[in-house]
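Heads up, coords-v8.cif below (mmCIF, C-alpha atoms):
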```
data_start
loop_
_atom_site.group_PDB
_atom_site.id
_atom_site.type_symbol
_atom_site.label_atom_id
_atom_site.label_comp_id
_atom_site.auth_asym_id
_atom_site.auth_seq_id
_atom_site.Cartn_x
_atom_site.Cartn_y
_atom_site.Cartn_z
ATOM 1 C CA MET A 23 -0.637 2.147 14.806
ATOM 2 C CA PRO A 24 1.505 -1.025 14.947
ATOM 3 C CA GLU A 25 5.266 -0.732 14.696
ATOM 4 C CA PHE A 26 6.805 -1.984 11.473
ATOM 5 C CA PRO A 27 9.907 -4.156 11.811
ATOM 6 C CA LYS A 28 12.744 -4.139 9.341
ATOM 7 C CA THR A 29 12.461 -6.527 6.444
ATOM 8 C CA ASN A 30 14.683 -9.468 5.752
ATOM 9 C CA PRO A 31 15.959 -8.402 2.300
ATOM 10 C CA SER A 32 16.131 -12.015 1.128
ATOM 11 C CA LEU A 33 12.346 -12.230 1.168
ATOM 12 C CA ILE A 34 11.842 -9.510 -1.441
ATOM 13 C CA LEU A 35 14.206 -11.460 -3.668
ATOM 14 C CA ARG A 36 11.603 -14.230 -3.859
ATOM 15 C CA VAL A 37 9.704 -12.241 -6.473
ATOM 16 C CA ARG A 38 12.729 -12.492 -8.737
ATOM 17 C CA ASP A 39 11.448 -16.004 -9.399
ATOM 18 C CA LEU A 40 8.529 -15.387 -11.762
ATOM 19 C CA GLY A 41 7.406 -18.939 -11.122
ATOM 20 C CA ASP A 42 6.837 -18.263 -7.421
ATOM 21 C CA GLY A 43 3.124 -17.591 -7.791
ATOM 22 C CA ALA A 44 2.428 -17.285 -4.061
ATOM 23 C CA SER A 45 5.083 -14.622 -3.566
ATOM 24 C CA TRP A 46 3.914 -12.657 -6.601
ATOM 25 C CA HIS A 47 0.306 -12.839 -5.459
ATOM 26 C CA ASP A 48 1.233 -11.348 -2.081
ATOM 27 C CA PHE A 49 3.589 -8.822 -3.652
ATOM 28 C CA LEU A 50 0.938 -7.526 -6.054
ATOM 29 C CA ALA A 51 -1.735 -7.475 -3.354
ATOM 30 C CA ILE A 52 0.411 -5.050 -1.356
ATOM 31 C CA TYR A 53 1.982 -2.871 -4.038
ATOM 32 C CA GLU A 54 -0.590 -2.623 -6.854
ATOM 33 C CA PRO A 55 -3.021 -0.512 -4.760
ATOM 34 C CA VAL A 56 -0.097 1.685 -3.681
ATOM 35 C CA VAL A 57 0.871 2.532 -7.261
ATOM 36 C CA PHE A 58 -2.779 2.947 -8.262
ATOM 37 C CA ARG A 59 -3.434 5.493 -5.493
ATOM 38 C CA MET A 60 -0.286 7.440 -6.361
ATOM 39 C CA ALA A 61 -1.406 7.672 -9.982
ATOM 40 C CA ARG A 62 -4.908 8.811 -8.989
ATOM 41 C CA GLN A 63 -3.506 11.399 -6.584
ATOM 42 C CA ARG A 64 -1.639 12.953 -9.500
ATOM 43 C CA GLY A 65 -4.750 13.517 -11.560
ATOM 44 C CA LEU A 66 -5.043 10.374 -13.654
ATOM 45 C CA GLN A 67 -8.490 8.927 -14.237
ATOM 46 C CA THR A 68 -9.272 5.420 -12.991
ATOM 47 C CA ALA A 69 -8.666 3.702 -16.337
ATOM 48 C CA ASP A 70 -5.367 5.558 -16.846
ATOM 49 C CA ALA A 71 -4.256 4.758 -13.292
ATOM 50 C CA GLN A 72 -5.003 1.084 -13.914
ATOM 51 C CA ASP A 73 -2.928 1.213 -17.095
ATOM 52 C CA VAL A 74 -0.067 2.776 -15.128
ATOM 53 C CA MET A 75 -0.345 0.079 -12.477
ATOM 54 C CA GLN A 76 -0.169 -2.657 -15.098
ATOM 55 C CA ALA A 77 2.766 -0.995 -16.865
ATOM 56 C CA VAL A 78 4.722 -0.649 -13.612
ATOM 57 C CA PHE A 79 4.423 -4.292 -12.650
ATOM 58 C CA LEU A 80 4.980 -5.545 -16.178
ATOM 59 C CA SER A 81 8.233 -3.561 -16.157
ATOM 60 C CA ILE A 82 9.136 -5.005 -12.768
ATOM 61 C CA SER A 83 8.458 -8.560 -13.916
ATOM 62 C CA GLN A 84 10.655 -8.033 -16.972
ATOM 63 C CA SER A 85 13.604 -6.552 -15.127
ATOM 64 C CA ILE A 86 13.520 -7.735 -11.524
ATOM 65 C CA ALA A 87 15.946 -10.548 -12.260
ATOM 66 C CA ARG A 88 18.620 -7.868 -12.686
ATOM 67 C CA TRP A 89 17.880 -6.229 -9.308
ATOM 68 C CA THR A 90 19.946 -7.306 -6.329
ATOM 69 C CA GLY A 91 19.785 -5.994 -2.788
ATOM 70 C CA GLY A 92 22.700 -4.976 -0.659
ATOM 71 C CA PRO A 93 24.411 -1.913 0.821
ATOM 72 C CA ASN A 94 26.128 -1.008 -2.453
ATOM 73 C CA GLN A 95 23.159 -1.669 -4.713
ATOM 74 C CA PRO A 96 20.158 0.516 -5.654
ATOM 75 C CA PRO A 97 17.464 -0.076 -3.010
ATOM 76 C CA PHE A 98 14.242 -1.744 -4.066
ATOM 77 C CA ARG A 99 12.107 1.207 -3.004
ATOM 78 C CA ALA A 100 14.160 3.625 -5.120
ATOM 79 C CA TRP A 101 13.795 1.293 -8.064
ATOM 80 C CA LEU A 102 10.027 1.075 -7.605
ATOM 81 C CA ILE A 103 9.780 4.871 -7.278
ATOM 82 C CA THR A 104 11.676 5.377 -10.539
ATOM 83 C CA ILE A 105 9.482 2.946 -12.467
ATOM 84 C CA ALA A 106 6.252 4.406 -11.041
ATOM 85 C CA ARG A 107 7.348 8.001 -11.654
ATOM 86 C CA ASN A 108 8.266 7.255 -15.255
ATOM 87 C CA ALA A 109 4.981 5.460 -15.921
ATOM 88 C CA ILE A 110 2.886 8.250 -14.365
ATOM 89 C CA THR A 111 4.794 10.973 -16.231
ATOM 90 C CA LYS A 112 4.357 9.114 -19.509
ATOM 91 C CA ALA A 113 0.624 8.741 -18.863
ATOM 92 C CA LEU A 114 0.273 12.433 -18.046
ATOM 93 C CA SER A 115 2.171 13.448 -21.169
ATOM 94 C CA ARG A 116 -0.205 11.413 -23.338
ATOM 95 C CA ARG A 117 -3.391 12.968 -21.974
ATOM 96 C CA PRO A 118 -3.417 16.235 -24.009
ATOM 97 C CA ARG A 119 -3.526 14.240 -27.254
ATOM 98 C CA ASP A 120 -6.986 13.016 -26.305
ATOM 99 C CA VAL A 121 -8.557 16.395 -25.500
ATOM 100 C CA PRO A 122 -9.620 19.271 -27.796
ATOM 101 C CA ALA A 123 -7.221 22.012 -28.887
ATOM 102 C CA GLY A 124 -6.990 24.936 -26.517
ATOM 103 C CA SER A 125 -7.067 22.739 -23.400
ATOM 104 C CA THR A 126 -4.346 22.408 -20.770
ATOM 105 C CA SER A 127 -0.878 22.316 -22.322
ATOM 106 C CA ILE A 128 1.552 19.463 -21.748
ATOM 107 C CA VAL A 129 3.828 21.683 -19.669
ATOM 108 C CA GLU A 130 0.949 22.862 -17.496
ATOM 109 C CA LEU A 131 -0.292 19.314 -17.084
ATOM 110 C CA LEU A 132 3.076 17.886 -16.097
ATOM 111 C CA HIS A 133 3.525 20.641 -13.522
ATOM 112 C CA ALA A 134 -0.022 20.533 -12.205
ATOM 113 C CA PHE A 135 1.068 18.568 -9.138
ATOM 114 C CA PRO A 136 4.620 19.831 -8.379
ATOM 115 C CA GLN A 137 4.219 19.195 -4.658
ATOM 116 C CA GLN A 138 3.380 15.546 -5.286
ATOM 117 C CA GLU A 139 6.744 14.168 -6.325
ATOM 118 C CA ILE A 140 6.852 10.468 -5.542
ATOM 119 C CA THR A 141 9.113 9.957 -2.535
ATOM 120 C CA ALA A 142 10.376 7.085 -0.431
ATOM 121 C CA ASP A 143 8.283 8.356 2.472
ATOM 122 C CA GLU A 144 5.124 8.277 0.351
ATOM 123 C CA ILE A 145 5.837 4.740 -0.804
ATOM 124 C CA ALA A 146 6.464 3.701 2.813
ATOM 125 C CA THR A 147 3.284 5.333 4.123
ATOM 126 C CA GLU A 148 1.068 3.951 1.376
ATOM 127 C CA THR A 149 2.613 0.505 1.769
ATOM 128 C CA ARG A 150 1.966 0.478 5.497
ATOM 129 C CA HIS A 151 -1.650 1.505 4.965
ATOM 130 C CA GLU A 152 -2.058 -1.351 2.490
ATOM 131 C CA ILE A 153 -0.447 -3.819 4.884
ATOM 132 C CA VAL A 154 -2.934 -2.882 7.605
ATOM 133 C CA ARG A 155 -5.844 -3.270 5.166
ATOM 134 C CA ARG A 156 -4.577 -6.673 4.069
ATOM 135 C CA ALA A 157 -4.002 -7.754 7.659
ATOM 136 C CA CYS A 158 -7.568 -6.770 8.562
ATOM 137 C CA ASP A 159 -8.922 -8.788 5.637
ATOM 138 C CA GLN A 160 -6.931 -11.839 6.684
ATOM 139 C CA ILE A 161 -7.814 -11.886 10.385
ATOM 140 C CA ARG A 162 -11.459 -10.875 10.157
ATOM 141 C CA VAL A 163 -12.641 -14.478 9.792
ATOM 142 C CA GLU A 164 -11.027 -15.300 13.149
ATOM 143 C CA PHE A 165 -13.570 -13.210 15.073
ATOM 144 C CA SER A 166 -17.325 -13.123 15.402
ATOM 145 C CA GLU A 167 -19.247 -10.354 13.699
ATOM 146 C CA ASP A 168 -19.968 -8.733 17.076
ATOM 147 C CA ILE A 169 -16.327 -8.696 18.179
ATOM 148 C CA TRP A 170 -15.158 -7.330 14.837
ATOM 149 C CA ARG A 171 -17.818 -4.639 14.908
ATOM 150 C CA ILE A 172 -16.700 -3.571 18.380
ATOM 151 C CA PHE A 173 -13.095 -3.316 17.207
ATOM 152 C CA TRP A 174 -14.060 -1.435 14.050
ATOM 153 C CA VAL A 175 -16.312 1.195 15.583
ATOM 154 C CA THR A 176 -13.999 1.886 18.535
ATOM 155 C CA SER A 177 -10.592 1.714 16.807
ATOM 156 C CA ILE A 178 -11.374 2.839 13.256
ATOM 157 C CA GLU A 179 -14.498 4.980 13.540
ATOM 158 C CA GLY A 180 -13.548 6.400 16.944
ATOM 159 C CA VAL A 181 -16.862 5.765 18.712
ATOM 160 C CA PRO A 182 -16.351 6.093 22.505
ATOM 161 C CA ILE A 183 -16.226 2.892 24.531
ATOM 162 C CA ALA A 184 -19.109 4.070 26.739
ATOM 163 C CA GLU A 185 -21.331 4.688 23.718
ATOM 164 C CA VAL A 186 -20.601 1.262 22.243
ATOM 165 C CA ALA A 187 -21.312 -0.344 25.623
ATOM 166 C CA ARG A 188 -24.651 1.429 25.761
ATOM 167 C CA GLN A 189 -25.564 0.423 22.208
ATOM 168 C CA THR A 190 -24.613 -3.233 22.644
ATOM 169 C CA GLY A 191 -25.707 -3.770 26.233
ATOM 170 C CA ARG A 192 -22.175 -4.824 27.194
ATOM 171 C CA THR A 193 -20.038 -3.521 30.028
ATOM 172 C CA PRO A 194 -17.230 -1.099 29.147
ATOM 173 C CA GLY A 195 -14.752 -3.688 30.438
ATOM 174 C CA SER A 196 -15.987 -6.306 27.969
ATOM 175 C CA ILE A 197 -15.677 -3.768 25.143
ATOM 176 C CA TYR A 198 -12.043 -3.114 26.085
ATOM 177 C CA VAL A 199 -11.313 -6.844 26.199
ATOM 178 C CA ALA A 200 -12.965 -7.486 22.823
ATOM 179 C CA ARG A 201 -11.065 -4.644 21.185
ATOM 180 C CA PHE A 202 -7.774 -5.722 22.756
ATOM 181 C CA ARG A 203 -8.131 -9.243 21.344
ATOM 182 C CA VAL A 204 -8.478 -7.941 17.792
ATOM 183 C CA VAL A 205 -5.786 -5.273 18.108
ATOM 184 C CA ALA A 206 -3.297 -7.785 19.498
ATOM 185 C CA ARG A 207 -3.979 -10.188 16.645
ATOM 186 C CA LEU A 208 -3.821 -7.362 14.102
ATOM 187 C CA LYS A 209 -0.395 -6.305 15.361
ATOM 188 C CA ASP A 210 0.876 -9.860 14.962
ATOM 189 C CA LYS A 211 -0.485 -10.119 11.414
ATOM 190 C CA VAL A 212 0.866 -6.702 10.418
ATOM 191 C CA ARG A 213 4.283 -7.703 11.731
ATOM 192 C CA GLU A 214 4.147 -10.952 9.796
ATOM 193 C CA ILE A 215 3.238 -9.255 6.516
ATOM 194 C CA SER A 216 5.587 -6.302 6.942
ATOM 195 C CA GLU A 217 8.542 -8.577 7.595
ATOM 196 C CA MET A 218 7.993 -9.937 4.098
ATOM 197 C CA TRP A 219 7.034 -6.912 2.027
ATOM 198 C CA ASP A 220 7.554 -3.577 3.789
ATOM 199 C CA VAL A 221 11.140 -2.772 2.820
ATOM 200 C CA ARG A 222 11.513 -0.224 5.599
ATOM 201 C CA GLU A 223 15.277 -0.372 5.888
ATOM 202 C CA VAL A 224 15.669 0.445 2.205
ATOM 203 C CA THR A 225 15.660 4.222 1.805
ATOM 204 C CA THR A 226 16.710 6.701 -0.839
#
```
Now, as a test, write the supplied structure out as structure tokens.
Amino acid sequence: MPEFPKTNPSLILRVRDLGDGASWHDFLAIYEPVVFRMARQRGLQTADAQDVMQAVFLSISQSIARWTGGPNQPPFRAWLITIARNAITKALSRRPRDVPAGSTSIVELLHAFPQQEITADEIATETRHEIVRRACDQIRVEFSEDIWRIFWVTSIEGVPIAEVARQTGRTPGSIYVARFRVVARLKDKVREISEMWDVREVTT
């Protein structure tokens, strides 16, 4: 897995400008799936998780102008965690109103996933996974279908080099070279994206 460099905090401040469409597009592409997966992991249905996702980023857009980075200020990740936690808890608390009497109580529902408290580590892990996915999407067009397939089956699916060589009629050495080309480019793209949006140095 590629290493993730520390972020230049000034870059995250770009989303404070609601008119910076490019920055917001990239910001949402990284963080919306993260919040959505966290909501789903805590028992919300797809539609409810989508509502949570929208509520979180609407709240961010309305209040991000008041957030400032710095050693004596609340870190961005802690702020995001608080907003996401509140939105998920609110969504969970509403669910019993829509089910018949005698079903799971509000207390039971809110404590159904006690081990799944949203943490800085979870946000970091989910963000890094999303960065890798986005990086893959962006660099895929730079390689032929054959080269990408070699990278995918050997690096992601874990098919042995020898087996891929046999299936494709290539030498094992050419398989290594093809995979290396993609992995090297992927590391560069992950580093580029993470420098902008993975606020690694900001912890709770």
Next item on the list: Take CA of Phe98 in chain A and CA of Gln160 in chain A and report the distance between them in Å, one decimal.
Entry: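 A separation of 25.8 Å between them.
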Item checked: One-decimal distance in Å that lies between CA of Ile82 in chain A and CA of Ile105 in chain A ->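 If I compute the distance from CA of Ile105 in chain A to CA of Ile82 in chain A, I get 8.0 Å.
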Hey, can I get the axis-aligned box for range 49-63 of chain A? All listed atoms, 4 Å padding on each side, centre and edge lengths in Å to one decimal, as lines of an AutoDock Vina configuration file.
```
center_x = -0.7
center_y = 1.3
center_z = -5.7
size_x = 16.5
size_y = 28.2
size_z = 16.6
```
Can you turn the PyMOL selection byres ((chain A and resi 153) around 7) into a concrete residue list for this file, as a compact mmCIF listing (two decimals) with C-alpha atoms, in the coordinates of the input?
```txt
# COMPACT_ATOMS: atom_id res chain seq x y z
CA ILE A 52 0.41 -5.05 -1.36
CA THR A 149 2.61 0.50 1.77
CA ARG A 150 1.97 0.48 5.50
CA HIS A 151 -1.65 1.50 4.96
CA GLU A 152 -2.06 -1.35 2.49
CA VAL A 154 -2.93 -2.88 7.60
CA ARG A 155 -5.84 -3.27 5.17
CA ARG A 156 -4.58 -6.67 4.07
CA ALA A 157 -4.00 -7.75 7.66
CA VAL A 212 0.87 -6.70 10.42
CA ILE A 215 3.24 -9.26 6.52
CA SER A 216 5.59 -6.30 6.94
```
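With distances taken over all atoms listed in the file, A:Met60 is the one residue among A:Pro194, A:Val163, A:Met60, A:Ile110 lying closest to Thr141 in chain A.
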Checklist line | Separation of CA of Gly43 in chain A from CA of Glu148 in chain A, in Å and rounded to one decimal | finding: 23.5 Å
Note to self: When you count all atoms listed in the file, which of these residues is closest to Arg62 in chain A: A:Ala113, A:Arg36, A:Trp170, A:Ser196?
What the structure shows: A:Ala113
Item checked: Minimum-distance residue to Thr147 in chain A, chosen among A:Arg38, A:His47, A:Arg201, A:Arg59 (using only C-alpha atoms) -> A:Arg59
Check: Any idea what's packed within 10 Å of Ile169 in chain A, counting all atoms listed in the file, ignoring anything in its chain fewer than 5 positions away? Could you give it as JSON, numbers by chain?
Finding: {"A": [162, 164, 174, 197, 199, 200, 201, 203, 204]}
